[in-house]
2 protein chains.
Amino acid sequence: MSDQLNDTAIEQQLDFLREIDILKSVIRKSPLIDQSRRENSAEHSWHLAMYALILKDCSDKEINIDRVIKMLLIHDIVEIDAGDHPIHETSDNTAQEEAEQKAAERIFGLLPTSQGEELKAFWYEFETAESNDAVFAKSLDRLQPLIHNVATEGGTWGEGNVSHEQVKQRYGSVISAGSKRIWSLVQKLVSQHFQR
Amino acid sequence: MSDQLNDTAIEQQLDFLREIDILKSVIRKSPLIDQSRRENSAEHSWHLAMYALILKDCSDKEINIDRVIKMLLIHDIVEIDAGDHPIHETSDNTAQEEAEQKAAERIFGLLPTSQGEELKAFWYEFETAESNDAVFAKSLDRLQPLIHNVATEGGTWGEGNVSHEQVKQRYGSVISAGSKRIWSLVQKLVSQHFQR
């Protein structure tokens with residue numbers, strides 16, 4: 001990317017890096033495991049990148065783990081403008097998609113043009129689950145809150161009166177699309193939780 | 001890694017992923033840019049991985065950006081046991097190094113053996129700045145708090161009575177070892193700050 005070689009380009013990159021600091025103040029539904037507070041989207045993105053790094057051999061399909069990690073690092077940046085939308089809350093999907101598209105334009109638009117376009121396309125690949133990499137990334141994005149909910153006696157499930165059947169449906173389809181192996185293992189945790 | 005292919009290995013991996021949730025509660029000196037609170041080490045690690053992704057073309061030496069990103073994702077995990085140690089505070093370096101080594105043994109030791117050893121070696125490569133990848137990673141780890149301090153009217157520098165000369169010394173050597181280009185650009189920001 002030749003437009004990165006001048007100072008103006010680096011200044012644009014630093015502007016972007018300052019802007020995304022705001023993701024640390026976007027609060028998700030999921031609790032930390034010690035239940036001291038809810039998780040924010042920046043630390044959640046770090047945790048997911050670690051999930052990818054650690055569980056890379058669990059994908060059912062061939063993936064490029066470096067792409068999966070990068071995708072997870074950027075996947076929630078649009079929430080700076082568009083907010084976080086928990087899976088157990090009904091919402092207007094079309095309006096939400098439009099808000100996220102607009103957010104991607106603005107935020108990735110802070111970068112030098114070619115780099116911004118590249119990251120926007122990358123975010124869109126995740127959003128639309130267009131590749132094996134995106135499918136695995138999405139399965140981890142669904143796995144991590146499940147792990148937190150089980151570890152905190154139900155976490156957000158209790159708040160929303162979410163049933164065992166709904167958990168199997170809402171988490172199972174996405175997690176097993178990336179890794180049947182992981183889903184088969186964690187659905188035992190889920191069953192134990194709902195038996196308690 | 002063949003030991004990842006059984007359920008016990010995946011359970012060890014999930015144990016590790018639950019354990020590192022604690023990094024979200026390790027609080028650093030640096031403020032968020034909006035000054036609402038101090039940054040934690042998990043969101044800091046996400047931010048640094050983003051710094052690497054965005055500024056990858058600024059390294060003076062040849063690097064493997066995927067290794068740099070992974071190194072930054074894991075570089076602070078030892079702080080779960082050993083705590084964060086700000087650069088402007090004097091401390092017993094030998095005791096600190098021992099505590100971090102012990103932390104690495106325990107935390108990466110939660111993983112299946114070969115994976116744990118691999119990550120421990122990777123962390124050590126960062127810690128000892130043994131490669132171009134580690135030198136660039138360390139320069140970003142020094143750059144990000146500088147950007148936050150400048151953006152917040154001095155941030156931790158004001159608290160610790162840190163002088164312009166000390167900033168040039170403590171940040172300049174590490175940042176310019178990875179990217180003379182970036183240091184030349186940001187030292188202008190630093191000078192402007194101290195002129196105010």
# chains A, B, ... in the order shown; residues from 1 in each chain; ligands from 1

call {"tool": "closest_atom_pairs", "arguments": {"of": "chain B", "to": "chain A", "cutoff": "6 Å", "atoms": "only C-alpha atoms", "output": "CSV"}}
result
residue,atom,partner,partner_atom,distance
B:Ala42,CA,A:Glu43,CA,5.3
B:Glu43,CA,A:Glu43,CA,4.2
B:Trp46,CA,A:Trp46,CA,4.7

call {"tool": "write_last_selection", "arguments": {"atoms": "C-alpha atoms", "output": "PDB file, in the first residue's frame"}}
result
ATOM      1  CA  ALA B  42      -7.059  -7.243  27.936  1.00  0.00           C
ATOM      2  CA  GLU B  43      -8.471  -4.279  25.997  1.00  0.00           C
ATOM      3  CA  TRP B  46      -6.659  -5.802  21.608  1.00  0.00           C
TER       4      TRP B  46
END

call {"tool": "atom_distance", "arguments": {"atom1": "atom CA of Ser191 of chain A", "atom2": "atom CA of Gly172 of chain A"}}
result
12.3 Å

call {"tool": "residues_around", "arguments": {"residues": "segment 75-89 of chain B", "least_positions_apart": "6", "cutoff": "10 Å", "atoms": "only C-alpha atoms", "output": "ChimeraX atom specification"}}
result
/B:19-30,40-42,44-45,69,95-108,119-120,122-127,137-138,141-142,156-157,160-162,166-167,170-171

call {"tool": "write_last_selection", "arguments": {"atoms": "C-alpha atoms", "output": "PDB file, in the first residue's frame"}}
result
ATOM      1  CA  GLU B  19      -8.593 -18.329  33.197  1.00  0.00           C
ATOM      2  CA  ILE B  20      -7.375 -15.497  30.951  1.00  0.00           C
ATOM      3  CA  ASP B  21     -10.705 -13.685  31.468  1.00  0.00           C
ATOM      4  CA  ILE B  22      -8.938 -12.315  34.573  1.00  0.00           C
ATOM      5  CA  LEU B  23      -6.708 -10.135  32.352  1.00  0.00           C
ATOM      6  CA  LYS B  24      -9.785  -7.896  31.943  1.00  0.00           C
ATOM      7  CA  SER B  25      -9.415  -7.017  35.635  1.00  0.00           C
ATOM      8  CA  VAL B  26      -5.699  -6.139  35.540  1.00  0.00           C
ATOM      9  CA  ILE B  27      -5.699  -2.331  35.548  1.00  0.00           C
ATOM     10  CA  ARG B  28      -2.935  -0.333  33.872  1.00  0.00           C
ATOM     11  CA  LYS B  29      -1.756   3.209  34.599  1.00  0.00           C
ATOM     12  CA  SER B  30      -2.817   4.558  31.196  1.00  0.00           C
ATOM     13  CA  ASN B  40      -7.210  -2.837  31.491  1.00  0.00           C
ATOM     14  CA  SER B  41      -4.616  -5.202  30.050  1.00  0.00           C
ATOM     15  CA  ALA B  42      -7.059  -7.243  27.936  1.00  0.00           C
ATOM     16  CA  HIS B  44      -4.926  -2.863  25.808  1.00  0.00           C
ATOM     17  CA  SER B  45      -3.816  -6.124  24.133  1.00  0.00           C
ATOM     18  CA  ILE B  69      -0.243  -9.758  16.197  1.00  0.00           C
ATOM     19  CA  ALA B  95      12.021 -10.289  41.255  1.00  0.00           C
ATOM     20  CA  GLN B  96       9.640  -9.099  38.534  1.00  0.00           C
ATOM     21  CA  GLU B  97      11.236 -11.346  35.911  1.00  0.00           C
ATOM     22  CA  GLU B  98      11.007 -14.332  38.241  1.00  0.00           C
ATOM     23  CA  ALA B  99       7.355 -13.633  38.981  1.00  0.00           C
ATOM     24  CA  GLU B 100       6.577 -13.395  35.265  1.00  0.00           C
ATOM     25  CA  GLN B 101       8.452 -16.589  34.477  1.00  0.00           C
ATOM     26  CA  LYS B 102       6.501 -18.402  37.179  1.00  0.00           C
ATOM     27  CA  ALA B 103       3.248 -16.925  35.854  1.00  0.00           C
ATOM     28  CA  ALA B 104       4.067 -18.124  32.338  1.00  0.00           C
ATOM     29  CA  GLU B 105       4.707 -21.643  33.673  1.00  0.00           C
ATOM     30  CA  ARG B 106       1.405 -21.754  35.514  1.00  0.00           C
ATOM     31  CA  ILE B 107      -0.897 -20.094  32.996  1.00  0.00           C
ATOM     32  CA  PHE B 108       0.437 -21.519  29.715  1.00  0.00           C
ATOM     33  CA  LEU B 119       3.107 -20.040  23.596  1.00  0.00           C
ATOM     34  CA  LYS B 120       5.581 -19.781  26.470  1.00  0.00           C
ATOM     35  CA  PHE B 122       6.566 -17.046  22.010  1.00  0.00           C
ATOM     36  CA  TRP B 123       6.004 -14.901  25.110  1.00  0.00           C
ATOM     37  CA  TYR B 124       9.708 -15.229  25.979  1.00  0.00           C
ATOM     38  CA  GLU B 125      10.680 -14.103  22.477  1.00  0.00           C
ATOM     39  CA  PHE B 126       8.645 -10.931  23.052  1.00  0.00           C
ATOM     40  CA  GLU B 127       9.980 -10.396  26.562  1.00  0.00           C
ATOM     41  CA  ALA B 137       5.794  -5.511  18.914  1.00  0.00           C
ATOM     42  CA  LYS B 138       7.627  -3.803  21.773  1.00  0.00           C
ATOM     43  CA  ASP B 141       3.554  -1.453  23.215  1.00  0.00           C
ATOM     44  CA  ARG B 142       5.471   1.757  23.983  1.00  0.00           C
ATOM     45  CA  THR B 156       0.328   9.481  33.551  1.00  0.00           C
ATOM     46  CA  TRP B 157       3.239  11.848  32.816  1.00  0.00           C
ATOM     47  CA  GLY B 160       4.628  11.077  37.870  1.00  0.00           C
ATOM     48  CA  ASN B 161       6.293  14.443  37.086  1.00  0.00           C
ATOM     49  CA  VAL B 162       7.848  12.879  34.006  1.00  0.00           C
ATOM     50  CA  GLN B 166      12.582  11.294  30.285  1.00  0.00           C
ATOM     51  CA  VAL B 167       9.819  10.752  27.730  1.00  0.00           C
ATOM     52  CA  ARG B 170      12.047   5.975  27.856  1.00  0.00           C
ATOM     53  CA  TYR B 171       9.809   5.947  24.786  1.00  0.00           C
TER      54      TYR B 171
END

call {"tool": "atom_distance", "arguments": {"atom1": "atom CA of Ile175 of chain B", "atom2": "atom CA of Ala52 of chain A"}}
result
28.8 Å

call {"tool": "select_by_dssp", "arguments": {"residues": "chain B", "states": "helix (DSSP H, G or I)", "output": "PDB file with C-alpha atoms, in the first residue's frame"}}
result
ATOM      1  CA  SER B   2      -2.073 -34.273  17.803  1.00  0.00           C
ATOM      2  CA  ASP B   3      -2.801 -33.823  21.514  1.00  0.00           C
ATOM      3  CA  GLN B   4      -5.443 -31.287  20.574  1.00  0.00           C
ATOM      4  CA  ASP B   7     -11.869 -33.926  24.319  1.00  0.00           C
ATOM      5  CA  THR B   8      -9.510 -33.659  27.297  1.00  0.00           C
ATOM      6  CA  ALA B   9      -7.268 -31.356  25.283  1.00  0.00           C
ATOM      7  CA  ILE B  10     -10.215 -29.154  24.290  1.00  0.00           C
ATOM      8  CA  GLU B  11     -11.301 -29.023  27.927  1.00  0.00           C
ATOM      9  CA  GLN B  12      -7.793 -27.860  28.890  1.00  0.00           C
ATOM     10  CA  GLN B  13      -8.008 -25.203  26.203  1.00  0.00           C
ATOM     11  CA  LEU B  14     -11.381 -24.009  27.518  1.00  0.00           C
ATOM     12  CA  ASP B  15      -9.926 -23.912  31.055  1.00  0.00           C
ATOM     13  CA  PHE B  16      -7.138 -21.669  29.782  1.00  0.00           C
ATOM     14  CA  LEU B  17      -9.632 -19.436  27.935  1.00  0.00           C
ATOM     15  CA  ARG B  18     -11.701 -19.086  31.122  1.00  0.00           C
ATOM     16  CA  GLU B  19      -8.593 -18.329  33.197  1.00  0.00           C
ATOM     17  CA  ILE B  20      -7.375 -15.497  30.951  1.00  0.00           C
ATOM     18  CA  ASP B  21     -10.705 -13.685  31.468  1.00  0.00           C
ATOM     19  CA  ILE B  22      -8.938 -12.315  34.573  1.00  0.00           C
ATOM     20  CA  LEU B  23      -6.708 -10.135  32.352  1.00  0.00           C
ATOM     21  CA  LYS B  24      -9.785  -7.896  31.943  1.00  0.00           C
ATOM     22  CA  SER B  25      -9.415  -7.017  35.635  1.00  0.00           C
ATOM     23  CA  SER B  41      -4.616  -5.202  30.050  1.00  0.00           C
ATOM     24  CA  ALA B  42      -7.059  -7.243  27.936  1.00  0.00           C
ATOM     25  CA  GLU B  43      -8.471  -4.279  25.997  1.00  0.00           C
ATOM     26  CA  HIS B  44      -4.926  -2.863  25.808  1.00  0.00           C
ATOM     27  CA  SER B  45      -3.816  -6.124  24.133  1.00  0.00           C
ATOM     28  CA  TRP B  46      -6.659  -5.802  21.608  1.00  0.00           C
ATOM     29  CA  HIS B  47      -5.679  -2.220  20.895  1.00  0.00           C
ATOM     30  CA  LEU B  48      -2.045  -3.201  20.346  1.00  0.00           C
ATOM     31  CA  ALA B  49      -3.011  -6.001  17.968  1.00  0.00           C
ATOM     32  CA  MET B  50      -4.956  -3.350  16.027  1.00  0.00           C
ATOM     33  CA  TYR B  51      -1.909  -1.039  16.098  1.00  0.00           C
ATOM     34  CA  ALA B  52       0.091  -3.860  14.501  1.00  0.00           C
ATOM     35  CA  LEU B  53      -2.568  -4.596  11.887  1.00  0.00           C
ATOM     36  CA  ILE B  54      -2.822  -0.924  10.917  1.00  0.00           C
ATOM     37  CA  LEU B  55       0.839   0.159  11.151  1.00  0.00           C
ATOM     38  CA  LYS B  56       2.408  -3.009   9.728  1.00  0.00           C
ATOM     39  CA  ASP B  57       4.133  -1.186   6.876  1.00  0.00           C
ATOM     40  CA  CYS B  58       5.979   1.141   9.276  1.00  0.00           C
ATOM     41  CA  ILE B  65       2.824  -9.303  10.867  1.00  0.00           C
ATOM     42  CA  ASP B  66       0.789 -12.389  11.821  1.00  0.00           C
ATOM     43  CA  ARG B  67       3.439 -13.338  14.385  1.00  0.00           C
ATOM     44  CA  VAL B  68       3.537  -9.748  15.703  1.00  0.00           C
ATOM     45  CA  ILE B  69      -0.243  -9.758  16.197  1.00  0.00           C
ATOM     46  CA  LYS B  70      -0.225 -13.089  18.033  1.00  0.00           C
ATOM     47  CA  MET B  71       2.696 -11.965  20.193  1.00  0.00           C
ATOM     48  CA  LEU B  72       0.799  -8.830  21.224  1.00  0.00           C
ATOM     49  CA  LEU B  73      -2.331 -10.846  22.008  1.00  0.00           C
ATOM     50  CA  ILE B  74      -0.444 -12.951  24.569  1.00  0.00           C
ATOM     51  CA  GLU B  79       0.202 -10.038  34.432  1.00  0.00           C
ATOM     52  CA  ILE B  80      -2.696 -12.176  35.702  1.00  0.00           C
ATOM     53  CA  ASP B  81      -0.261 -13.416  38.361  1.00  0.00           C
ATOM     54  CA  ALA B  82       2.590 -10.901  38.175  1.00  0.00           C
ATOM     55  CA  ASN B  93      13.587  -6.154  37.942  1.00  0.00           C
ATOM     56  CA  THR B  94      14.944  -9.566  38.941  1.00  0.00           C
ATOM     57  CA  ALA B  95      12.021 -10.289  41.255  1.00  0.00           C
ATOM     58  CA  GLN B  96       9.640  -9.099  38.534  1.00  0.00           C
ATOM     59  CA  GLU B  97      11.236 -11.346  35.911  1.00  0.00           C
ATOM     60  CA  GLU B  98      11.007 -14.332  38.241  1.00  0.00           C
ATOM     61  CA  ALA B  99       7.355 -13.633  38.981  1.00  0.00           C
ATOM     62  CA  GLU B 100       6.577 -13.395  35.265  1.00  0.00           C
ATOM     63  CA  GLN B 101       8.452 -16.589  34.477  1.00  0.00           C
ATOM     64  CA  LYS B 102       6.501 -18.402  37.179  1.00  0.00           C
ATOM     65  CA  ALA B 103       3.248 -16.925  35.854  1.00  0.00           C
ATOM     66  CA  ALA B 104       4.067 -18.124  32.338  1.00  0.00           C
ATOM     67  CA  GLU B 105       4.707 -21.643  33.673  1.00  0.00           C
ATOM     68  CA  ARG B 106       1.405 -21.754  35.514  1.00  0.00           C
ATOM     69  CA  ILE B 107      -0.897 -20.094  32.996  1.00  0.00           C
ATOM     70  CA  PHE B 108       0.437 -21.519  29.715  1.00  0.00           C
ATOM     71  CA  THR B 113       1.715 -29.539  26.677  1.00  0.00           C
ATOM     72  CA  SER B 114       2.992 -28.780  23.180  1.00  0.00           C
ATOM     73  CA  GLN B 115       0.694 -25.794  22.727  1.00  0.00           C
ATOM     74  CA  GLY B 116       1.603 -24.423  26.160  1.00  0.00           C
ATOM     75  CA  GLU B 117       5.330 -24.731  25.450  1.00  0.00           C
ATOM     76  CA  GLU B 118       4.903 -23.030  22.088  1.00  0.00           C
ATOM     77  CA  LEU B 119       3.107 -20.040  23.596  1.00  0.00           C
ATOM     78  CA  LYS B 120       5.581 -19.781  26.470  1.00  0.00           C
ATOM     79  CA  ALA B 121       8.480 -19.644  24.001  1.00  0.00           C
ATOM     80  CA  PHE B 122       6.566 -17.046  22.010  1.00  0.00           C
ATOM     81  CA  TRP B 123       6.004 -14.901  25.110  1.00  0.00           C
ATOM     82  CA  TYR B 124       9.708 -15.229  25.979  1.00  0.00           C
ATOM     83  CA  GLU B 125      10.680 -14.103  22.477  1.00  0.00           C
ATOM     84  CA  PHE B 126       8.645 -10.931  23.052  1.00  0.00           C
ATOM     85  CA  GLU B 127       9.980 -10.396  26.562  1.00  0.00           C
ATOM     86  CA  ASN B 132      12.488  -8.311  14.478  1.00  0.00           C
ATOM     87  CA  ASP B 133       8.895  -9.310  15.223  1.00  0.00           C
ATOM     88  CA  ALA B 134       9.433  -8.818  18.971  1.00  0.00           C
ATOM     89  CA  VAL B 135      11.247  -5.492  18.483  1.00  0.00           C
ATOM     90  CA  PHE B 136       8.342  -4.129  16.422  1.00  0.00           C
ATOM     91  CA  ALA B 137       5.794  -5.511  18.914  1.00  0.00           C
ATOM     92  CA  LYS B 138       7.627  -3.803  21.773  1.00  0.00           C
ATOM     93  CA  SER B 139       7.755  -0.518  19.892  1.00  0.00           C
ATOM     94  CA  LEU B 140       3.955  -0.562  19.532  1.00  0.00           C
ATOM     95  CA  ASP B 141       3.554  -1.453  23.215  1.00  0.00           C
ATOM     96  CA  ARG B 142       5.471   1.757  23.983  1.00  0.00           C
ATOM     97  CA  LEU B 143       3.730   3.839  21.290  1.00  0.00           C
ATOM     98  CA  GLN B 144       0.131   3.278  22.387  1.00  0.00           C
ATOM     99  CA  PRO B 145       0.436   4.733  25.933  1.00  0.00           C
ATOM    100  CA  LEU B 146       2.370   7.680  24.487  1.00  0.00           C
ATOM    101  CA  ILE B 147      -0.540   8.399  22.138  1.00  0.00           C
ATOM    102  CA  HIS B 148      -2.945   8.176  25.095  1.00  0.00           C
ATOM    103  CA  ASN B 149      -0.818  10.450  27.264  1.00  0.00           C
ATOM    104  CA  VAL B 150      -0.564  13.093  24.551  1.00  0.00           C
ATOM    105  CA  ALA B 151      -4.321  12.830  23.868  1.00  0.00           C
ATOM    106  CA  GLY B 155      -2.071  11.491  31.386  1.00  0.00           C
ATOM    107  CA  THR B 156       0.328   9.481  33.551  1.00  0.00           C
ATOM    108  CA  TRP B 157       3.239  11.848  32.816  1.00  0.00           C
ATOM    109  CA  GLY B 158       1.655  14.610  34.882  1.00  0.00           C
ATOM    110  CA  GLU B 159       1.020  12.261  37.795  1.00  0.00           C
ATOM    111  CA  HIS B 164      10.309  15.853  28.280  1.00  0.00           C
ATOM    112  CA  GLU B 165      13.824  14.413  28.469  1.00  0.00           C
ATOM    113  CA  GLN B 166      12.582  11.294  30.285  1.00  0.00           C
ATOM    114  CA  VAL B 167       9.819  10.752  27.730  1.00  0.00           C
ATOM    115  CA  LYS B 168      12.305  11.007  24.862  1.00  0.00           C
ATOM    116  CA  GLN B 169      14.578   8.528  26.586  1.00  0.00           C
ATOM    117  CA  ARG B 170      12.047   5.975  27.856  1.00  0.00           C
ATOM    118  CA  TYR B 171       9.809   5.947  24.786  1.00  0.00           C
ATOM    119  CA  GLY B 172      12.172   7.047  22.028  1.00  0.00           C
ATOM    120  CA  SER B 173      14.682   4.227  22.338  1.00  0.00           C
ATOM    121  CA  VAL B 174      12.060   1.478  22.193  1.00  0.00           C
ATOM    122  CA  ILE B 175       9.785   3.065  19.571  1.00  0.00           C
ATOM    123  CA  SER B 176      12.624   4.009  17.233  1.00  0.00           C
ATOM    124  CA  ALA B 177      14.121   0.508  17.483  1.00  0.00           C
ATOM    125  CA  GLY B 178      10.966  -0.695  15.694  1.00  0.00           C
ATOM    126  CA  LYS B 180      12.297   5.448  13.174  1.00  0.00           C
ATOM    127  CA  ARG B 181       9.553   6.774  10.957  1.00  0.00           C
ATOM    128  CA  ILE B 182       6.877   6.593  13.635  1.00  0.00           C
ATOM    129  CA  TRP B 183       9.183   7.986  16.314  1.00  0.00           C
ATOM    130  CA  SER B 184      10.114  10.939  14.127  1.00  0.00           C
ATOM    131  CA  LEU B 185       6.424  11.675  13.645  1.00  0.00           C
ATOM    132  CA  VAL B 186       5.260  11.223  17.239  1.00  0.00           C
ATOM    133  CA  GLN B 187       8.141  13.065  18.836  1.00  0.00           C
ATOM    134  CA  LYS B 188       6.689  16.178  17.239  1.00  0.00           C
ATOM    135  CA  LEU B 189       3.458  15.485  19.174  1.00  0.00           C
ATOM    136  CA  VAL B 190       5.509  15.050  22.343  1.00  0.00           C
ATOM    137  CA  SER B 191       7.368  18.339  21.822  1.00  0.00           C
ATOM    138  CA  GLN B 192       4.091  20.186  21.211  1.00  0.00           C
ATOM    139  CA  HIS B 193       2.731  18.683  24.430  1.00  0.00           C
ATOM    140  CA  PHE B 194       5.670  19.826  26.554  1.00  0.00           C
ATOM    141  CA  GLN B 195       5.613  23.295  24.998  1.00  0.00           C
TER     142      GLN B 195
END

call {"tool": "atom_distance", "arguments": {"atom1": "atom CA of Glu130 of chain A", "atom2": "atom CA of Ile63 of chain A"}}
result
12.6 Å
